[in-house]
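Asker: Please read through the structure below; I'll follow up with questions.
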Protein chains: 4
Amino acid sequence: MSFELLPRTEAGKRFVKLAESHAADIATRAEQHDREGSFPVESFEAMKSSGFLAAAVPTDFGGFGLESLYDMMVGMSRLAKGDASTAIAANMHATGVLVIARVMKRSGAAGDVQMAATLQELLRQIGAGRVLMSFPTSEPGTDIYTPMTEAVPSKGGYVVNGRKIFGTVSPVADLFFPSVRIPNDAGGYATATAIIPRNTPGLEVMGNWDAMGMRASGSNDVVFTNCFVPAERIFGRRENYGKVGRGFPDFLISGLLPLIATFLGIGEAARDFAVATVTKQRKGISQKRLADRIPIQHLIAECEIDLSVSRAITERVGQAAELFIQRSATTEPTSEESTALMKEVQCMKYVVNRKAIDVVDRAMTVCGGGAFMHKHLLSRLYRDVRAGPFMQPFAPYEAFEYIGKIALGLDPNLDR
Amino acid sequence: MSFELLPRTEAGKRFVKLAESHAADIATRAEQHDREGSFPVESFEAMKSSGFLAAAVPTDFGGFGLESLYDMMVGMSRLAKGDASTAIAANMHATGVLVIARVMKRSGAAGDVQMAATLQELLRQIGAGRVLMSFPTSEPGTDIYTPMTEAVPSKGGYVVNGRKIFGTVSPVADLFFPSVRIPNDAGGYATATAIIPRNTPGLEVMGNWDAMGMRASGSNDVVFTNCFVPAERIFGRRENYGKVGRGFPDFLISGLLPLIATFLGIGEAARDFAVATVTKQRKGISQKRLADRIPIQHLIAECEIDLSVSRAITERVGQAAELFIQRSATTEPTSEESTALMKEVQCMKYVVNRKAIDVVDRAMTVCGGGAFMHKHLLSRLYRDVRAGPFMQPFAPYEAFEYIGKIALGLDPNLDR
Amino acid sequence: MSFELLPRTEAGKRFVKLAESHAADIATRAEQHDREGSFPVESFEAMKSSGFLAAAVPTDFGGFGLESLYDMMVGMSRLAKGDASTAIAANMHATGVLVIARVMKRSGAAGDVQMAATLQELLRQIGAGRVLMSFPTSEPGTDIYTPMTEAVPSKGGYVVNGRKIFGTVSPVADLFFPSVRIPNDAGGYATATAIIPRNTPGLEVMGNWDAMGMRASGSNDVVFTNCFVPAERIFGRRENYGKVGRGFPDFLISGLLPLIATFLGIGEAARDFAVATVTKQRKGISQKRLADRIPIQHLIAECEIDLSVSRAITERVGQAAELFIQRSATTEPTSEESTALMKEVQCMKYVVNRKAIDVVDRAMTVCGGGAFMHKHLLSRLYRDVRAGPFMQPFAPYEAFEYIGKIALGLDPNLDR
Amino acid sequence: MSFELLPRTEAGKRFVKLAESHAADIATRAEQHDREGSFPVESFEAMKSSGFLAAAVPTDFGGFGLESLYDMMVGMSRLAKGDASTAIAANMHATGVLVIARVMKRSGAAGDVQMAATLQELLRQIGAGRVLMSFPTSEPGTDIYTPMTEAVPSKGGYVVNGRKIFGTVSPVADLFFPSVRIPNDAGGYATATAIIPRNTPGLEVMGNWDAMGMRASGSNDVVFTNCFVPAERIFGRRENYGKVGRGFPDFLISGLLPLIATFLGIGEAARDFAVATVTKQRKGISQKRLADRIPIQHLIAECEIDLSVSRAITERVGQAAELFIQRSATTEPTSEESTALMKEVQCMKYVVNRKAIDVVDRAMTVCGGGAFMHKHLLSRLYRDVRAGPFMQPFAPYEAFEYIGKIALGLDPNLDR
């Protein structure tokens with residue numbers, strides 16, 4: 001009786017199985033990419049070849065037709081057991097595909113033939129393994145609701161200037177989808193997303209990703225200097241610049257939830273490694289295996305509890321999000337519904353991020369001083385796992401404020 | 001979009017709705033019974049009249065035909081929002097019915113006509129509201145796997161001697177089901193359960209329940225002095241005296257899980273009360289409602305996170321237990337399967353018990369010094385909620401050892 | 001090598017030794033007073049007779065001449081090991097004496113002959129065991145910086161109206177020192193303290209103290225209805241109504257620190273009880289004493305760590321406060337100095353209150369289900385110990401905000 | 001009113017002032033050595049030149065005559081604020097000097113003229129800045145009480161074989177002091193310490209230190225292959241091979257306590273950095289400084305509380321250890337005394353190690369995603385600070401068992 005998360009759709013089962021197989025493969029190169037800070041190009045080639053990265057492309061266009069957000073979460077948690085930084089990079093692209101496929105269908109259903117056709121073409125390219133995507137939304141000195149990268153109207157389109165950080169997948173991405181602000185008539189801004197091909201003049205991937213963890217994710221700065229973007233490649237305009245929580249678009253949820261799930265995968269990998277280590281017979285002088293010592297059992301139990309909790313909240317909130325998205329196809333969710341869901345998502349994020357950190361910490365204690373060495377698996381997980389709380393939305397201290405406000409029926413905008 | 005637990009069967013929906021209605025009613029008498037330490041006889045009459053206590057009796061015999069353990073959990077969590085000590089008393093009887101109905105069906109399916117008939121008669125009596133049951137298993141100086149209450153063979157049956165503690169429902173129970181040990185030929189013991197009617201000579205309910213919390217549960221000592229029990233009223237004999245974890249019988253799981261869920265209900269009641277308190281306009285000098293102060297939002301957020309976690313693990317483990325029990329009807333579970341489930345149950349128990357304590361604690365902080373008064377709802381919840389970790393199996397320190405051993409593939413017997 | 005807190009002055013050693021002796025005595029009546037909610041009149045008689053309650057009266061006026069705040073803290077922590085609610089009541093009076101003796105000396109040194117003489121007479125009365133004092137400062141719907149009990153000027157003095165809560169010692173107090181507000185010319189208020197004898201017309205002790213813990217502290221409401229107070233019995237006027245942290249008067253620190261130390265005493269009592277329980281040979285079936293089980297050792301270790309921390313911070317902050325008060329005799333401390341000290345005091349309060357709660361909780365786990373019974377020592381400690389976080393200043397959530405603001409160099413007034 | 005730790009002796013004040021000055025200097029090279037994993041040779045040269053590394057050498061032999069263990073702790077906590085890995089390396093040498101000076105004095109007092117003379121010569125060399133020392137005690141597959149590096153008697157001395165790990169200072173050490181075992185007549189072993197000059201044939205420093213943190217500490221493996229050691233260079237023989245806690249020699253305490261204090265320094269550095277960061281005006285769009293946001297104040301408050309606790313326990317246990325060592329000069333401490341002290345030391349170690357980790361974690365949260373970058377101070381502290389719990393004695397899970405056993409009056413040997 002296994003308690004790991006399980007996919008629920010047929011496409012999801014195929015996806016998760018493939019995730020497990022890729023996890024085993026990418027694990028073999030994880031230490032090297034971590035040490036070098038290099039992007040796992042060969043892993044991405046393998047995930048392209050297998051169809052993994054195009055899983056959410058409809059079968060008509062060459063994918064698996066994976067539609068389930070929850071199954072995407074399960075797959076990403078599994079892939080992360082092999083290498084977390086590869087997983088978060090794969091996640092950025094793959095969940096983008098999930099959303100694009102969904103928007104394509106809704107566009108079709110809504111009679112927006114042109115949009116549907118454009119997205120079908122894009123999906124076909126992705127299905128053929130010809131397009132990788134990066135969605136940079138973070139910038140220094142601001143938050144994700146308030147981009148300062150600006151798209152100024154110019155004839156036939158916009159001119160984009162700005163600098164994004166955490167541009168995951170940037171070393172190999174063919175298309176970039178930065179969030180931008182557009183000046184509006186009221187002297188303020190609208191927010192939107194631009195689609196900018198890699199070879200656009202003025203787009204530069206800085207190659208400066210040098211973090212303490214997630215070193216293989218290629219999360220470089222991406223700079224846009226007078227990049228021209230045709231009008232039809234600016235989409236999703238909303239008049240909510242700087243506002244939190246007037247509803248959360250499902251693309252945010254679709255990207256965020258599988259991302260959170262990768263941290264569950266890190267915790268599971270740490271726990272598995274610790275259990276394997278202590279159940280081995282030791283070569284030293286002690287008569288007992290570490291597993292036979294009760295204090296070690298205590299630490300392992302704490303890991304089990306944390307993982308049990310993390311899996312439960314991932315499953316419950318994941319299922320709720322799945323349902324929410326399904327319903328959104330036919331009925332626009334109210335602001336109350338989306339903030340209620342986001343409250344639970346933030347509970348999940350906080351718990352999974354924090355528990356993964358705690359599990360890695362205990363696994364290190366269990367494994368002893370060797371875990372402090374650079375080449376030890378756990379020392380990489382220790383560095384990778386700390387990325388979780390930084391990811392937006394929200395930082396932990398913002399999450400508490402947000403959750404509290406929603407629970408108390410208050411305006412979800414934080415006291416920034 | 002509400003995130004409270006929801007029943008999944010039709011009988012469960014009826015049961016949960018009734019639980020909510022009873023909760024509102026028993027809440028009105030909770031303070032008085034708490035102060036007096038008196039048993040809520042009128043609440044039990046009401047729960048008999050409504051059919052709530054007989055919900056798990058098959059419809060043929062006068063019940064709702066509630067079969068779902070998970071729905072029982074949901075209902076008990078809801079009942080506990082009104083009064084936790086009434087809920088744990090109701091739970092002891094009601095989950096007993098659930099198990100008896102299940103055993104009755106399996107006996108019938110297995111061709112044990114006599115057993116099936118006996119249980120049908122019992123269920124009919126319960127369905128008619130004529131029988132309340134108490135299942136005392138605890139004793140001082142030992143654990144629940146090692147009863148010292150002894151049933152010594154005597155002609156036509158057994159003579160039972162011993163003293164049980166925590167005999168919940170004892171003030172009104174018509175039948176007692178104490179766990180006993182029976183001397184075996186090997187000089188050791190077998191364990192079994194006896195059925196002893198209240199009016200049996202030598203059975204005495206001590207009326208000594210005087211605890212700091214759960215004061216309305218009637219958990220008196222029950223003393224058996226030379227009580228004669230006919231042979232057919234000793235059942236469930238197993239040769240595992242003093243052993244943990246050679247499989248956990250489903251009756252243990254069926255009683256334990258809804259019991260744990262009552263602590264979720266306590267936490268939810270505390271959170272709801274705190275939210276209601278701080279969102280009221282204050283009469284004092286402050287210009288702000290407490291709800292508008294960020295540190296209060298932070299505390300409420302911590303409650304939300306804990307409850308989100310508790311609900312998630314309750315749902316996930318509850319569903320797994322439900323499935324386990326369904327499968328058990330046709331295939332005897334292996335020892336590995338039942339210890340794997342019990343490991344998750346113990347994770348759930350630890351988390352729900354502890355988080356409920358934490359939520360009540362924060363709710364008190366939020367509500368201020370008034371919450372320290374005897375008559376304040378939270379001061380009762382504070383005393384009630386601490387009962388959770390004492391409940392067997394397991395105490396928290398045993399739970400850690402148990403969970404750790406199972407996770408490491410070791411013998412689940414604790415180092416006692 | 002014992003690590004308990006030790007007094008440092010000769011008077012302090014005498015005081016602490018007496019505290020230990022009284023602790024043993026009051027422990028014998030603690031359960032009864034807790035059950036009844038009755039005030040330990042005989043304990044107060046004994047503490048009067050021994051001179052304990054007048055320890056801080058100068059030797060010339062019949063006391064021990066105890067001047068050390070730190071030694072007062074040590075003594076109160078020890079007294080609380082016998083009964084916490086008796087200790088907090090004794091503390092209110094005894095620390096009041098400490099402050100009065102200090103003010104008397106400073107008045108003399110400053111040439112305020114009349115004030116010195118008045119206080120000398122009061123100290124002589126206290127030294128003779130004829131006066132017990134209560135200092136009620138709390139009121140519903142406001143905070144301690146913003147009293148709503150009002151003293152309105154009237155010929156020859158003031159007329160006081162208002163209602164105080166948590167009027168500890170009220171059943172036997174001869175003099176009450178409520179904080180009051182006085183209308184000022186600017187249309188606002190000043191704050192001050194009134195001295196009101198028990199037999200003043202309009203003063204009523206409500207006899208309504210009925211809390212879940214600290215039940216023997218006599219913390220009734222005290223109502224003042226048109227109580228006339230001569231002008232010379234209103235003192236300590238300050239123009240800081242409603243403000244936090246424009247310096248903390250030493251009387252606040254002198255009362256608060258030993259009060260916090262009583263919670264250390266609760267924790268130590270719980271730990272000692274648990275150790276004594278588990279090191280006894282059990283009568284039951286287990287072959288091992290509980291002390292020999294590693295998970296129990298783990299819980300005891302967690303208690304040790306928490307107590308080690310609590311003692312260390314109590315000693316360090318207590319010594320700093322001692323020094324601060326000594327220096328205050330000659331140099332008025334700056335606002336920065338007093339807020340810096342109060343920041344550390346709040347760290348100490350948070351830690352000692354919380355760790356005491358945690359230690360009691362673990363002690364209960366260690367001792368098992370018996371600890372849930374009303375008559376068990378730990379069930380009383382569980383109820384008593386929760387009083388700590390309610391005590392002002394500050395509630396935990398306010399403490400975090402206060403500490404953070406001071407650490408960041410901001411205005412210490414909270415965002416109320 | 002500052003609450004940082006302060007030295008209490010004149011030599012200590014000189015030492016701490018120098019520590020602060022070196023801290024500022026070594027901070028400038030910390031990032032580079034961290035990135036390269038290179039040993040800070042120039043920092044060691046500077047600390048030799050200033051006399052810092054020889055502070056504990058008696059003034060007669062060229063040092064400051066620093067005798068206070070507590071002042072050594074204060075100084076090391078301060079040095080670590082500049083760079084923790086340099087500090088732990090400096091600590092290994094400097095506390096060695098402290099112990100050698102002490103043993104020299106006692107040898108003299110005890111009439112052991114030869115030993116005194118030998119040590120005086122060594123101290124003179126150290127005082128002249130000609131000797132740096134490394135004390136490697138750890139080995140893979142065993143614990144520090146059970147060395148497997150073996151010194152086998154051979155004519156005129158011993159032949160040493162074995163491999164030590166965590167050989168801090170090894171890149172520049174002139175003398176190595178590995179712990180060894182010596183076969184005894186009973187077929188078992190004695191333990192002792194060998195003194196082996198760097199240029200001894202068979203001694204090899206492996207240059208393999210490549211950890212995730214503390215990268216500048218030079219903690220390489222050191223291998224001894226048939227190293228000949230003259231008899232007079234094996235000292236401190238004790239017949240307690242493999243035993244914990246038959247008393248802890250003061251050299252263990254003298255090295256361990258300042259080492260723990262370096263983690264306090266890490267926490268203080270992280271807190272200071274976070275405070276400095278959030279009190280700066282931001283360049284971004286927000287109107288508020290981060291410091292003005294209450295959730296940030298909350299996080300800073302949690303850091304303050306943790307540091308207040310860490311400083312308090314460091315001071316209290318440090319003072320107790322100081323006293324213990326002073327008394328040891330005239331009276332051999334009993335086993336009870338030394339285990340009682342070690343229990344408190346372990347409480348201190350657990351608390352300071354863990355709180356430092358927590359403070360760094362919160363500081364990262366406060367500073368946001370930039371703290372995840374390799375070049376950011378906090379990302380180095382995050383990696384450095386995790387070294388604490390690995391340091392012996394004890395790992396956290398062993399510490400709990402040890403503390404619990406001592407508190408319960410049991411044999412301190414762990415259940416290994």
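Every chain in the structure tokens takes a letter, A first, then B, and so on in the order presented; its residues are numbered from 1, and the ligands are numbered from 1 following the presented order.
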Just the residues within 12 Å of C:Asp411, please, counting only C-alpha atoms, with nothing from its chain fewer than 4 positions along; format it as a PyMOL selection string.
Answerer: (chain C and resi 243-247+335-336+339+401-407+415) or (chain D and resi 291-292+297)
Asker: How about saving the chosen residues, C-alpha atoms kept, as a compact mmCIF listing (two decimals), in the first residue's frame?
Answerer:
```txt
# COMPACT_ATOMS: atom_id res chain seq x y z
CA LYS C 243 1.20 55.69 24.28
CA VAL C 244 3.43 52.68 24.34
CA GLY C 245 7.03 52.97 24.98
CA ARG C 246 7.93 56.53 25.76
CA GLY C 247 10.07 54.80 28.32
CA SER C 335 13.92 56.45 25.94
CA GLU C 336 16.32 54.38 23.82
CA THR C 339 12.92 50.51 24.99
CA GLU C 401 5.48 43.82 16.54
CA TYR C 402 7.06 45.71 19.42
CA ILE C 403 10.35 43.79 19.32
CA GLY C 404 10.55 44.14 15.57
CA LYS C 405 9.92 47.86 15.62
CA ILE C 406 12.58 48.48 18.29
CA ALA C 407 15.11 46.29 16.50
CA ASP C 415 -0.30 49.70 14.90
CA ALA D 291 11.14 47.75 7.52
CA ASP D 292 7.82 49.54 7.73
CA GLN D 297 8.93 43.40 11.68
```
Asker: Give me the residues near A:Val41 as a PyMOL selection string, where near means some atom within 10 Å (using only C-alpha atoms) and where sequence neighbours in that chain fewer than 4 positions away do not count.
Answerer: chain A and resi 33+45-47+86+169+171-172+216
Asker: Can you list, as a PyMOL selection string, every protein, DNA or RNA residue that comes within 9 Å of stretch 261-274 of chain B when you count only C-alpha atoms, leaving out same-chain residues fewer than 2 positions away?
Answerer: chain B and resi 73-84+87-88+91+256-259+276-279+300+303-304+306-307+310-311+314+349+352-353+355-364+366-367+377-378+381+384-385+388
Asker: Give me, as a PDB file with all heavy atoms, in the first residue's frame, all polymer residues having an atom no more than 8 Å from stretch 117-123 of chain D, counting only C-alpha atoms and skipping those fewer than 4 positions away in the same chain.
Answerer:
```pdb
ATOM      1  N   VAL D  57      48.593  32.460  24.869  1.00  0.00           N
ATOM      2  CA  VAL D  57      49.965  32.232  25.345  1.00  0.00           C
ATOM      3  C   VAL D  57      50.213  33.190  26.519  1.00  0.00           C
ATOM      4  O   VAL D  57      49.836  34.363  26.455  1.00  0.00           O
ATOM      5  CB  VAL D  57      50.977  32.492  24.205  1.00  0.00           C
ATOM      6  CG1 VAL D  57      52.410  32.485  24.714  1.00  0.00           C
ATOM      7  CG2 VAL D  57      50.785  31.474  23.075  1.00  0.00           C
ATOM      8  N   PRO D  58      50.794  32.690  27.614  1.00  0.00           N
ATOM      9  CA  PRO D  58      51.082  33.571  28.752  1.00  0.00           C
ATOM     10  C   PRO D  58      51.948  34.753  28.312  1.00  0.00           C
ATOM     11  O   PRO D  58      52.734  34.639  27.357  1.00  0.00           O
ATOM     12  CB  PRO D  58      51.836  32.666  29.714  1.00  0.00           C
ATOM     13  CG  PRO D  58      51.383  31.284  29.377  1.00  0.00           C
ATOM     14  CD  PRO D  58      51.159  31.295  27.895  1.00  0.00           C
ATOM     15  N   PHE D  61      55.576  34.430  27.596  1.00  0.00           N
ATOM     16  CA  PHE D  61      56.029  33.752  26.380  1.00  0.00           C
ATOM     17  C   PHE D  61      55.538  34.444  25.126  1.00  0.00           C
ATOM     18  O   PHE D  61      55.490  33.855  24.052  1.00  0.00           O
ATOM     19  CB  PHE D  61      55.580  32.279  26.407  1.00  0.00           C
ATOM     20  CG  PHE D  61      55.988  31.551  27.651  1.00  0.00           C
ATOM     21  CD1 PHE D  61      55.052  30.918  28.451  1.00  0.00           C
ATOM     22  CD2 PHE D  61      57.329  31.518  28.054  1.00  0.00           C
ATOM     23  CE1 PHE D  61      55.422  30.255  29.599  1.00  0.00           C
ATOM     24  CE2 PHE D  61      57.705  30.859  29.217  1.00  0.00           C
ATOM     25  CZ  PHE D  61      56.755  30.228  29.988  1.00  0.00           C
ATOM     26  N   VAL D  97      45.732  26.373  22.106  1.00  0.00           N
ATOM     27  CA  VAL D  97      46.714  27.132  22.891  1.00  0.00           C
ATOM     28  C   VAL D  97      46.217  27.342  24.318  1.00  0.00           C
ATOM     29  O   VAL D  97      46.951  27.179  25.295  1.00  0.00           O
ATOM     30  CB  VAL D  97      46.990  28.505  22.234  1.00  0.00           C
ATOM     31  CG1 VAL D  97      48.024  29.285  23.044  1.00  0.00           C
ATOM     32  CG2 VAL D  97      47.459  28.332  20.792  1.00  0.00           C
ATOM     33  N   ILE D 100      46.730  24.187  26.213  1.00  0.00           N
ATOM     34  CA  ILE D 100      48.146  23.878  26.434  1.00  0.00           C
ATOM     35  C   ILE D 100      48.716  24.783  27.536  1.00  0.00           C
ATOM     36  O   ILE D 100      49.462  24.314  28.408  1.00  0.00           O
ATOM     37  CB  ILE D 100      48.932  24.032  25.109  1.00  0.00           C
ATOM     38  CG1 ILE D 100      48.556  22.868  24.178  1.00  0.00           C
ATOM     39  CG2 ILE D 100      50.435  24.066  25.357  1.00  0.00           C
ATOM     40  CD1 ILE D 100      48.984  23.055  22.731  1.00  0.00           C
ATOM     41  N   ALA D 101      48.315  26.054  27.534  1.00  0.00           N
ATOM     42  CA  ALA D 101      48.790  26.968  28.575  1.00  0.00           C
ATOM     43  C   ALA D 101      48.313  26.508  29.949  1.00  0.00           C
ATOM     44  O   ALA D 101      49.057  26.561  30.945  1.00  0.00           O
ATOM     45  CB  ALA D 101      48.300  28.391  28.284  1.00  0.00           C
ATOM     46  N   MET D 104      50.186  23.376  30.965  1.00  0.00           N
ATOM     47  CA  MET D 104      51.543  23.759  31.346  1.00  0.00           C
ATOM     48  C   MET D 104      51.580  24.227  32.799  1.00  0.00           C
ATOM     49  O   MET D 104      52.399  23.782  33.602  1.00  0.00           O
ATOM     50  CB  MET D 104      52.045  24.863  30.396  1.00  0.00           C
ATOM     51  CG  MET D 104      53.456  25.345  30.653  1.00  0.00           C
ATOM     52  SD  MET D 104      53.539  26.682  31.910  1.00  0.00           S
ATOM     53  CE  MET D 104      52.901  28.062  30.935  1.00  0.00           C
ATOM     54  N   VAL D 113      58.150  18.732  35.926  1.00  0.00           N
ATOM     55  CA  VAL D 113      59.029  19.746  35.353  1.00  0.00           C
ATOM     56  C   VAL D 113      59.245  19.532  33.850  1.00  0.00           C
ATOM     57  O   VAL D 113      59.226  20.470  33.058  1.00  0.00           O
ATOM     58  CB  VAL D 113      60.396  19.737  36.077  1.00  0.00           C
ATOM     59  CG1 VAL D 113      61.303  20.811  35.488  1.00  0.00           C
ATOM     60  CG2 VAL D 113      60.199  19.951  37.565  1.00  0.00           C
ATOM     61  N   GLY D 127      53.852  31.653  20.594  1.00  0.00           N
ATOM     62  CA  GLY D 127      53.893  33.084  20.885  1.00  0.00           C
ATOM     63  C   GLY D 127      54.692  33.847  19.836  1.00  0.00           C
ATOM     64  O   GLY D 127      54.391  35.007  19.516  1.00  0.00           O
TER      65      GLY D 127
END
```
Asker: Please identify the alpha helix (DSSP H) residues within stretch 25-132 of chain D (assignment by DSSP from backbone atoms) and present them as an MDAnalysis selection string.
Answerer: chainID D and resid 25:36 41:49 69:80 84:109 113:127
Asker: Pull out every residue of chain B sitting within 10 Å of chain D, counting only C-alpha atoms, and send them as a PyMOL selection string.
Answerer: chain B and resi 293-295+298
Asker: Produce a file of the selected residues containing N, CA, C and O atoms, as a PDB file, in the first residue's frame.
Answerer:
```pdb
ATOM      1  N   ARG B 293      -5.888  44.343  12.147  1.00  0.00           N
ATOM      2  CA  ARG B 293      -4.481  44.406  12.554  1.00  0.00           C
ATOM      3  C   ARG B 293      -3.715  43.234  11.959  1.00  0.00           C
ATOM      4  O   ARG B 293      -4.120  42.073  12.081  1.00  0.00           O
ATOM      5  N   ILE B 294      -2.624  43.537  11.319  1.00  0.00           N
ATOM      6  CA  ILE B 294      -1.884  42.496  10.593  1.00  0.00           C
ATOM      7  C   ILE B 294      -1.407  41.355  11.501  1.00  0.00           C
ATOM      8  O   ILE B 294      -1.486  40.190  11.106  1.00  0.00           O
ATOM      9  N   PRO B 295      -0.946  41.629  12.709  1.00  0.00           N
ATOM     10  CA  PRO B 295      -0.544  40.492  13.550  1.00  0.00           C
ATOM     11  C   PRO B 295      -1.699  39.526  13.850  1.00  0.00           C
ATOM     12  O   PRO B 295      -1.473  38.321  13.997  1.00  0.00           O
ATOM     13  N   HIS B 298      -2.071  37.430  10.826  1.00  0.00           N
ATOM     14  CA  HIS B 298      -1.013  36.413  10.827  1.00  0.00           C
ATOM     15  C   HIS B 298      -1.438  35.195  11.650  1.00  0.00           C
ATOM     16  O   HIS B 298      -1.276  34.043  11.224  1.00  0.00           O
TER      17      HIS B 298
END
```
Asker: When DSSP works through the backbone of this structure, what residues of stretch 224-264 of chain C end up as strand (DSSP E), shown as JSON, numbers by chain?
Answerer: {"C": [224, 225, 226, 227, 228, 229, 230, 234, 235, 236, 237, 238]}
Asker: Okay, now the selection with N, CA and C atoms, as a PDB file, in the first residue's frame?
Answerer:
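Saved to part-v3.pdb:
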```pdb
ATOM      1  N   PHE C 224     -15.186  50.642  40.963  1.00  0.00           N
ATOM      2  CA  PHE C 224     -15.102  51.893  41.699  1.00  0.00           C
ATOM      3  C   PHE C 224     -16.285  52.774  41.275  1.00  0.00           C
ATOM      4  N   THR C 225     -17.180  53.086  42.211  1.00  0.00           N
ATOM      5  CA  THR C 225     -18.348  53.922  41.896  1.00  0.00           C
ATOM      6  C   THR C 225     -18.301  55.179  42.762  1.00  0.00           C
ATOM      7  N   ASN C 226     -17.965  56.261  42.088  1.00  0.00           N
ATOM      8  CA  ASN C 226     -17.868  57.538  42.815  1.00  0.00           C
ATOM      9  C   ASN C 226     -17.006  57.433  44.065  1.00  0.00           C
ATOM     10  N   CYS C 227     -15.872  56.792  43.948  1.00  0.00           N
ATOM     11  CA  CYS C 227     -14.956  56.689  45.089  1.00  0.00           C
ATOM     12  C   CYS C 227     -14.187  58.008  45.225  1.00  0.00           C
ATOM     13  N   PHE C 228     -14.249  58.611  46.374  1.00  0.00           N
ATOM     14  CA  PHE C 228     -13.486  59.833  46.580  1.00  0.00           C
ATOM     15  C   PHE C 228     -12.049  59.489  46.994  1.00  0.00           C
ATOM     16  N   VAL C 229     -11.106  60.170  46.323  1.00  0.00           N
ATOM     17  CA  VAL C 229      -9.681  59.953  46.599  1.00  0.00           C
ATOM     18  C   VAL C 229      -9.042  61.314  46.865  1.00  0.00           C
ATOM     19  N   PRO C 230      -8.471  61.507  48.058  1.00  0.00           N
ATOM     20  CA  PRO C 230      -7.800  62.767  48.346  1.00  0.00           C
ATOM     21  C   PRO C 230      -6.660  63.008  47.360  1.00  0.00           C
ATOM     22  N   ILE C 234      -3.257  60.484  44.728  1.00  0.00           N
ATOM     23  CA  ILE C 234      -3.104  60.279  43.281  1.00  0.00           C
ATOM     24  C   ILE C 234      -1.647  60.612  42.975  1.00  0.00           C
ATOM     25  N   PHE C 235      -0.917  59.659  42.398  1.00  0.00           N
ATOM     26  CA  PHE C 235       0.505  59.936  42.159  1.00  0.00           C
ATOM     27  C   PHE C 235       0.958  59.376  40.812  1.00  0.00           C
ATOM     28  N   GLY C 236       2.160  59.714  40.461  1.00  0.00           N
ATOM     29  CA  GLY C 236       2.746  59.155  39.237  1.00  0.00           C
ATOM     30  C   GLY C 236       2.108  59.691  37.963  1.00  0.00           C
ATOM     31  N   ARG C 237       1.599  60.924  38.014  1.00  0.00           N
ATOM     32  CA  ARG C 237       0.940  61.480  36.822  1.00  0.00           C
ATOM     33  C   ARG C 237       1.918  61.603  35.643  1.00  0.00           C
ATOM     34  N   ARG C 238       1.495  61.117  34.474  1.00  0.00           N
ATOM     35  CA  ARG C 238       2.318  61.222  33.261  1.00  0.00           C
ATOM     36  C   ARG C 238       1.425  61.592  32.079  1.00  0.00           C
TER      37      ARG C 238
END
```
Asker: From the list C:Thr59, C:Asn199, C:Arg14, C:Arg354, which residue is nearest C:Ala387 when using only C-alpha atoms?
Answerer: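 So, comparing all the options, the nearest one is C:Arg354.
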Asker: Distance atom CA of D:Phe39-atom CA of D:Leu175, one decimal place?
Answerer: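 Atom CA of D:Leu175 lies at a distance of 17.0 Å from atom CA of D:Phe39.
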Asker: List as an MDAnalysis selection string the protein and nucleic acid residues near C:Arg8, meaning an atom at most 7 Å away when only C-alpha atoms are counted, but skip any in the same chain fewer than 4 places from it.
Answerer: chainID C and resid 12:13 71
Asker: List the neighbours of B:Pro249 out to 12 Å using only C-alpha atoms; skip same-chain residues closer than 5 positions along the sequence, and give me the result as number ranges by chain.
Answerer: B: 99, 103, 145, 236-238, 240, 244, 254-256, 321, 324-325, 328, 332-335, 337-339, 341-342
